[in-house]
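Everything below concerns the one structure shown next.
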Amino acid sequence: MLVFIIRRSLQSVVVLFAMSLLVFVGVYAIGNPIDILINPQADQIDRERAIAALGLDKPLWSQYLTFLTGALSGNLGRSFVHSTPALGLILERMPATMELALTAMLFAIVLGIPLGLWAGLKPNGIAGRMIMTGSILGFSLPTFWVGLMLIMVFSVELGWLPSNGRGPTVLLFGLVPVSFLSVEGWRHLLMPATNLALFNVALLIRLTRSGAHEALLQDYVKFARAKGLTNARIIGVHVLRNILIPVVTVIGLQFGALIAFAIVTESVFAWPGMGKLLIDSIGVLDRPVIVAYLLVIVTIFIVINLIVDVLYSALDPRVRLTELKG
Amino acid sequence: MSVPLLAVDGLCTHFFTKAGVVKAVDGVSFTVARGEVLGLVGESGSGKSMTGYSIMGLVDPPGRIVSGVVELNGRDLSALSAEDMRQLRGNRIAMIFQDPMMTLNPVLRIDVQMVETIRAHQRVGRAAALERSRAALVQVGIPSPDERLQAYPHQFSGGMRQRVAIAIALLNNPDLIIADEPTTALDVTIQGQILFEMQKLTRETGAAMIWITHDLSVVAGLADRVCVMYAGRIVEEGTTFDVLTHPWHPYTQGLLDSVPARGARGTRLSQIPGMTPSVQDLPPGCAFRERCGYATDECTVNPAMRDRGVDGRGVRCFHPLRAGTAA
């Protein structure tokens, strides 16, 4: 276990390094931030001075080296626009995105797994068919459109829920601002979280259904029935434990995706999260923030994958962590 | 004669598929006495496993028991509610399956899978259930049972897994064990051990057993009586000795002839001509008639089971191979 985690951490460093190089070069190629950042009326001397101040006068390899030495000591550069550390800027926005993604994932799990089980156990029933048809909608409707429709119906027409922002936040552990501790916060959270969850609800329904469908044909289910176990135990323990293995993988991967790509939902609902920060930063070519954001996301993916692998070994005794590669 | 432990009478289990009705079990009748071992012999698809599932009430849609009576201790099982039937399964009737690699749940520990079997039927504390599970493992000859209880199925060999499955079947001291080819997937030495073990255990516990197999040599050493099944019907029954030494039905004879024998070394192994008919579009009459050397026009009518009586010997044939039994 320990060996596994150490090896995985070393691999992560390599991944982060490769990622930083790619991102740095990629962002460099997009365009010159000077054209956007500096007042067009500024004279040549001011211009030169600003370029030098941002370190943009040096060649690319030198800029990357500066970034890398900074990164090793936890400094991912200063935002061109805000003149504050890029990492701090991101971490400041992170709770909002995390809260949104976690709530969305929770919705997806609480709805997706039971509905998928139901559809898998009664594939020919009316409810089962309706669930499966519904899941196709969840898959195919574009997120931004559903978001707009939600706002149209619940904010504009019915006036039940606010259409943007996080609402009032409460400090959790006196440190992290969150919305879910107040009723007003929930009113703000409900629509964006539902919007973000929709795709994953559909995904989990399909995954759970096919898993249940397959598991029910296995001999161990027949044997469990021959042992005289109750249906609740057969489904709740024997079937579910086996289905959970692929489901946990997908939940892990999708959770990373939720955090990274909450951008659309955050834009539609003006949710003050990391995604919105990224969009704004790309708009003004704020290189350090873009690079720092992508590195943070990569780190989150790495951590989630590690957790999934550890969960794997807990769920499936045949998996031993020392044998897992990469 | 007293009430038999299990009486199956005219059992029909049909599958209603899109392609038509499949008569997997078609009018099967037999009885099993207390402590008796009945061999149910037949080729793949002859309906022997489905007979077992029907007794257990484990026939899945589109299959359904269409008619017939299954009585355990004189109690009609078809009249039982689903919950009563569940209480019976794994308690009074236990079942062991063919492939031990598949029957144990791969992600649950052995102790979990054993304890739940006890607790599904009796109000017993966890510790007591665990103690009984341990005893059951000892009973089937599994060394260091305490360690083994903590293990997962993948840490056992095939033979050991089948022993665990047998231990689970024995947990609630069932009256009847239905063993669906439990040694088929094992290699021959292990097969011998398991057979010996099962024989010993049924004698010790007084449980009756239905041993479903296609292997006549297994039945020869194990069963008291044999029923030979063909295309969903029992075509011959009797004591193991009678059926194997003096078969009446041409099909049984054919089966016996296709077993390699020591005395016939070097000669061509005889086989039954033709193929097992699909039970889906079975022609009326004797199902075996198209492969049978003795068939006449008479055989287009399904023969009834005849000659039940002495030793429960019976055959479903117009032209039995016994001298003096004229049609």
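Identifiers in this document derive from the order of the structure tokens: chains are assigned A, B, ..., residues are numbered from 1 separately in each chain, and ligands are numbered from 1 in order of occurrence.
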(Q) Using only C-alpha atoms and a distance of at most 10 Å, pull out the residues of chain B that contact chain A, as a PyMOL selection string. (A) chain B and resi 53+56-58+83-109+113-114+116-121+151-155+165+168-169+171-172
Restrict the selected residues to N, CA and C atoms and save them as a CSV table (one decimal), in the first residue's frame.
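Once everything was written out, this is out02.csv:
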```csv
chain,number,residue,atom,x,y,z
B,53,TYR,N,-34.1,-27.0,-10.7
B,53,TYR,CA,-34.6,-25.6,-10.4
B,53,TYR,C,-36.1,-25.5,-10.1
B,56,MET,N,-36.7,-26.3,-6.6
B,56,MET,CA,-36.3,-25.2,-5.8
B,56,MET,C,-37.2,-24.0,-6.0
B,57,GLY,N,-38.0,-23.9,-7.0
B,57,GLY,CA,-38.8,-22.7,-7.3
B,57,GLY,C,-37.9,-21.6,-7.8
B,58,LEU,N,-36.9,-22.0,-8.6
B,58,LEU,CA,-36.0,-21.0,-9.1
B,58,LEU,C,-36.0,-20.9,-10.6
B,83,GLU,N,-42.5,-16.0,0.1
B,83,GLU,CA,-41.7,-15.9,1.4
B,83,GLU,C,-41.6,-17.3,2.0
B,84,ASP,N,-42.6,-18.1,2.0
B,84,ASP,CA,-42.5,-19.4,2.6
B,84,ASP,C,-41.5,-20.3,1.8
B,85,MET,N,-41.6,-20.1,0.4
B,85,MET,CA,-40.7,-20.8,-0.4
B,85,MET,C,-39.2,-20.4,-0.2
B,86,ARG,N,-39.0,-19.1,0.1
B,86,ARG,CA,-37.7,-18.6,0.4
B,86,ARG,C,-37.2,-19.3,1.7
B,87,GLN,N,-38.1,-19.3,2.7
B,87,GLN,CA,-37.7,-20.0,3.9
B,87,GLN,C,-37.3,-21.4,3.8
B,88,LEU,N,-37.9,-22.1,2.8
B,88,LEU,CA,-37.6,-23.5,2.5
B,88,LEU,C,-36.2,-23.6,1.8
B,89,ARG,N,-36.0,-22.7,0.9
B,89,ARG,CA,-34.7,-22.8,0.1
B,89,ARG,C,-33.5,-22.6,1.0
B,90,GLY,N,-32.5,-23.4,0.9
B,90,GLY,CA,-31.3,-23.2,1.7
B,90,GLY,C,-31.5,-23.7,3.1
B,91,ASN,N,-32.7,-24.1,3.4
B,91,ASN,CA,-33.1,-24.5,4.8
B,91,ASN,C,-33.4,-26.0,4.8
B,92,ARG,N,-34.6,-26.3,4.1
B,92,ARG,CA,-35.0,-27.7,4.0
B,92,ARG,C,-34.4,-28.3,2.7
B,93,ILE,N,-34.4,-27.5,1.6
B,93,ILE,CA,-33.8,-28.0,0.4
B,93,ILE,C,-32.6,-27.1,0.1
B,94,ALA,N,-31.4,-27.7,-0.1
B,94,ALA,CA,-30.3,-26.9,-0.5
B,94,ALA,C,-29.8,-27.4,-1.9
B,95,MET,N,-29.1,-26.5,-2.6
B,95,MET,CA,-28.7,-26.8,-3.9
B,95,MET,C,-27.2,-26.5,-4.1
B,96,ILE,N,-26.5,-27.3,-4.8
B,96,ILE,CA,-25.1,-27.1,-5.1
B,96,ILE,C,-25.0,-27.0,-6.6
B,97,PHE,N,-24.2,-26.1,-7.1
B,97,PHE,CA,-24.1,-25.9,-8.6
B,97,PHE,C,-22.9,-26.5,-9.2
B,98,GLN,N,-22.9,-26.4,-10.5
B,98,GLN,CA,-21.9,-27.1,-11.3
B,98,GLN,C,-20.5,-26.4,-11.1
B,99,ASP,N,-20.4,-25.1,-11.4
B,99,ASP,CA,-19.1,-24.5,-11.5
B,99,ASP,C,-18.8,-23.7,-10.2
B,100,PRO,N,-17.9,-24.3,-9.4
B,100,PRO,CA,-17.6,-23.7,-8.1
B,100,PRO,C,-16.9,-22.3,-8.2
B,101,MET,N,-16.3,-22.1,-9.4
B,101,MET,CA,-15.6,-20.8,-9.7
B,101,MET,C,-16.6,-19.7,-9.8
B,102,MET,N,-17.9,-20.0,-10.0
B,102,MET,CA,-18.9,-19.0,-10.3
B,102,MET,C,-19.9,-18.9,-9.2
B,103,THR,N,-20.0,-19.9,-8.3
B,103,THR,CA,-21.2,-19.9,-7.4
B,103,THR,C,-20.9,-19.0,-6.2
B,104,LEU,N,-19.7,-18.9,-5.8
B,104,LEU,CA,-19.4,-18.0,-4.6
B,104,LEU,C,-19.2,-16.6,-5.1
B,105,ASN,N,-19.8,-15.6,-4.3
B,105,ASN,CA,-19.7,-14.2,-4.7
B,105,ASN,C,-18.2,-13.8,-4.5
B,106,PRO,N,-17.6,-13.3,-5.6
B,106,PRO,CA,-16.1,-13.0,-5.6
B,106,PRO,C,-15.8,-11.9,-4.6
B,107,VAL,N,-16.7,-11.0,-4.3
B,107,VAL,CA,-16.3,-9.9,-3.5
B,107,VAL,C,-16.7,-10.0,-2.0
B,108,LEU,N,-17.3,-11.1,-1.6
B,108,LEU,CA,-17.6,-11.3,-0.2
B,108,LEU,C,-16.8,-12.3,0.4
B,109,ARG,N,-16.4,-12.1,1.7
B,109,ARG,CA,-15.7,-13.1,2.4
B,109,ARG,C,-16.5,-14.4,2.7
B,113,GLN,N,-20.6,-15.0,3.6
B,113,GLN,CA,-21.5,-15.9,2.7
B,113,GLN,C,-22.1,-17.0,3.5
B,114,MET,N,-21.4,-17.5,4.5
B,114,MET,CA,-21.9,-18.6,5.3
B,114,MET,C,-22.9,-18.1,6.4
B,116,GLU,N,-24.7,-15.5,6.5
B,116,GLU,CA,-26.0,-15.0,5.9
B,116,GLU,C,-26.9,-16.1,5.6
B,117,THR,N,-26.3,-17.3,5.3
B,117,THR,CA,-27.2,-18.4,5.0
B,117,THR,C,-27.9,-18.9,6.2
B,118,ILE,N,-27.2,-18.9,7.4
B,118,ILE,CA,-27.9,-19.3,8.6
B,118,ILE,C,-28.9,-18.2,9.0
B,119,ARG,N,-28.4,-17.0,9.0
B,119,ARG,CA,-29.3,-15.9,9.5
B,119,ARG,C,-30.5,-15.6,8.7
B,120,ALA,N,-30.5,-16.1,7.4
B,120,ALA,CA,-31.7,-15.9,6.5
B,120,ALA,C,-32.8,-16.8,7.0
B,121,HIS,N,-32.5,-17.8,7.8
B,121,HIS,CA,-33.5,-18.8,8.2
B,121,HIS,C,-33.8,-18.9,9.7
B,151,ALA,N,-11.1,-15.7,4.4
B,151,ALA,CA,-10.6,-15.6,3.1
B,151,ALA,C,-11.7,-15.2,2.1
B,152,TYR,N,-11.2,-14.8,0.9
B,152,TYR,CA,-12.1,-14.6,-0.2
B,152,TYR,C,-12.1,-15.8,-1.2
B,153,PRO,N,-13.2,-16.0,-2.0
B,153,PRO,CA,-13.2,-17.1,-2.8
B,153,PRO,C,-12.0,-17.3,-3.8
B,154,HIS,N,-11.4,-16.2,-4.2
B,154,HIS,CA,-10.3,-16.4,-5.2
B,154,HIS,C,-9.1,-17.0,-4.5
B,155,GLN,N,-9.1,-17.0,-3.2
B,155,GLN,CA,-7.9,-17.6,-2.5
B,155,GLN,C,-8.1,-19.1,-2.4
B,165,ALA,N,-19.0,-24.6,-1.0
B,165,ALA,CA,-20.4,-24.6,-1.4
B,165,ALA,C,-21.2,-25.7,-0.7
B,168,ILE,N,-21.9,-24.8,2.8
B,168,ILE,CA,-23.0,-23.8,2.8
B,168,ILE,C,-24.3,-24.5,2.7
B,169,ALA,N,-24.3,-25.5,1.8
B,169,ALA,CA,-25.6,-26.3,1.6
B,169,ALA,C,-25.9,-27.1,2.8
B,171,LEU,N,-25.3,-26.2,5.9
B,171,LEU,CA,-25.4,-25.4,7.2
B,171,LEU,C,-26.7,-25.5,8.0
B,172,ASN,N,-27.8,-25.6,7.3
B,172,ASN,CA,-29.1,-25.7,8.0
B,172,ASN,C,-29.6,-27.1,8.0
```
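Closest to A:Ala215 among A:Ser313, A:Phe269, A:Lys276, A:Leu117 is A:Leu117, based on only C-alpha atoms.
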Nearby residues (only C-alpha atoms) at most 10 Å from A:Trp145, same-chain spacing under 3 positions excluded, as a compact mmCIF listing (two decimals) with C-alpha atoms, in the first residue's frame:
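Written out: around.txt:
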```
# COMPACT_ATOMS: atom_id res chain seq x y z
CA LEU A 141 -29.54 17.55 -24.04
CA PRO A 142 -26.73 20.12 -24.04
CA LEU A 148 -31.12 28.27 -19.67
CA MET A 149 -34.41 26.35 -19.60
CA LEU A 150 -34.14 25.89 -15.84
CA ILE A 151 -33.63 29.62 -15.42
CA ASN A 195 -27.90 21.16 -14.25
CA THR A 265 -22.75 25.70 -15.82
CA VAL A 268 -24.79 30.15 -17.27
```
Q: For B:Arg34, please output as number ranges by chain all residues within 10 Å (counting only C-alpha atoms; exclusion window: fewer than 6 positions along the same chain).
A: B: 3-6, 73, 175-176, 206-209
Atoms to include: C-alpha atoms. Write the selected residues as a short mmCIF file (atom, residue, chain, number, x, y, z; two decimals), in the first residue's frame.
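The result, written out as out.cif:
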```cif
data_model
loop_
_atom_site.label_atom_id
_atom_site.label_comp_id
_atom_site.auth_asym_id
_atom_site.auth_seq_id
_atom_site.Cartn_x
_atom_site.Cartn_y
_atom_site.Cartn_z
CA VAL B 3 -44.99 -40.49 2.67
CA PRO B 4 -41.79 -39.99 0.68
CA LEU B 5 -39.58 -37.02 1.45
CA LEU B 6 -40.03 -35.61 -2.01
CA ASN B 73 -42.94 -34.10 3.33
CA ASP B 175 -33.66 -32.76 4.29
CA LEU B 176 -32.75 -32.73 0.63
CA GLY B 206 -29.40 -38.38 6.90
CA ALA B 207 -30.05 -35.93 4.10
CA ALA B 208 -31.51 -37.22 0.87
CA MET B 209 -29.87 -36.16 -2.34
#
```
Q. Of the candidates B:Glu43, B:Asp9, B:Glu36, B:Asp215, which one gets nearest to B:Met275 if we count only C-alpha atoms?
A. B:Glu43
Q) Could you name the residues that touch stretch 9-15 of chain A at 12 Å or less, counting only C-alpha atoms, but leaving out those on the same chain fewer than 5 positions away, as a ChimeraX atom specification? A) /A:2-4,20-22,72,295,298-306,325-326
**Q.** Distance query B:Ala135 at most 10 Å, only C-alpha atoms, self and fewer than 5 positions along chain excluded, as a PyMOL selection string
**A.** chain B and resi 129-130+140-142+145-146+167+171
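Here atom CA of B:Thr51 stands at a distance of 19.5 Å from atom CA of B:Tyr251.
Residue neighbourhood of A:Phe24, excluding near-sequence residues (fewer than 4 positions): Leu16, Phe17, Ala18, Met19, Ser20, Tyr28, Ala29, Ile30, Leu60, Trp61, Ser62, Gln63, Tyr64, Leu65, Thr66, Phe67, Leu68, Leu76, Gly77, Asp286, Arg287, Pro288, Val289, Ile290, Val291, Ala292, Tyr293, Leu294 and Leu295 of chain A, at 12 Å, using only C-alpha atoms.
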(Q) Among stretch 156-201 of chain B, which residues does DSSP mark as strand (DSSP E or B) when it is run on the backbone? Keep the chain and numbering as in the structure and answer as a PyMOL selection string. (A) chain B and resi 176-180
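With only C-alpha atoms as the atoms that count, the minimum distance from B:Val21 to the choices B:Ser278, B:Arg268, B:Pro143, B:Cys286 is reached by B:Ser278.
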Q. Hey, which of B:Leu170, B:Ala19, B:Val41, B:Leu269 ends up closest to B:Leu244? Count only C-alpha atoms.
A. B:Val41
Q) How would you write, as an NGL selection string, the set of residues in stretch 38-160 of chain B that DSSP gives as alpha helix (DSSP H)? A) :B and (48-56 or 82-88 or 100-103 or 110-119 or 126-139 or 145-149 or 158-160)
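Each of B:Pro174, B:Pro277, B:Gly285, B:Gly221 was compared to B:Gly35 using only C-alpha atoms, and B:Pro174 turns out to be the nearest.
Distance annotation: of B:Leu149, B:Cys299, B:Ile210, B:Ile190, the residue with the minimal separation from B:Ala33 is B:Ile210; atom set is only C-alpha atoms.
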Q.
Just the number, please: distance in Å from atom CA of A:Met132 to atom CA of A:Val153, one decimal.
A. 24.6 Å
Q: Please indicate the distance in Å from atom CA of B:Gln162 to atom CA of B:Leu222, rounded to one decimal place.
A: 17.6 Å
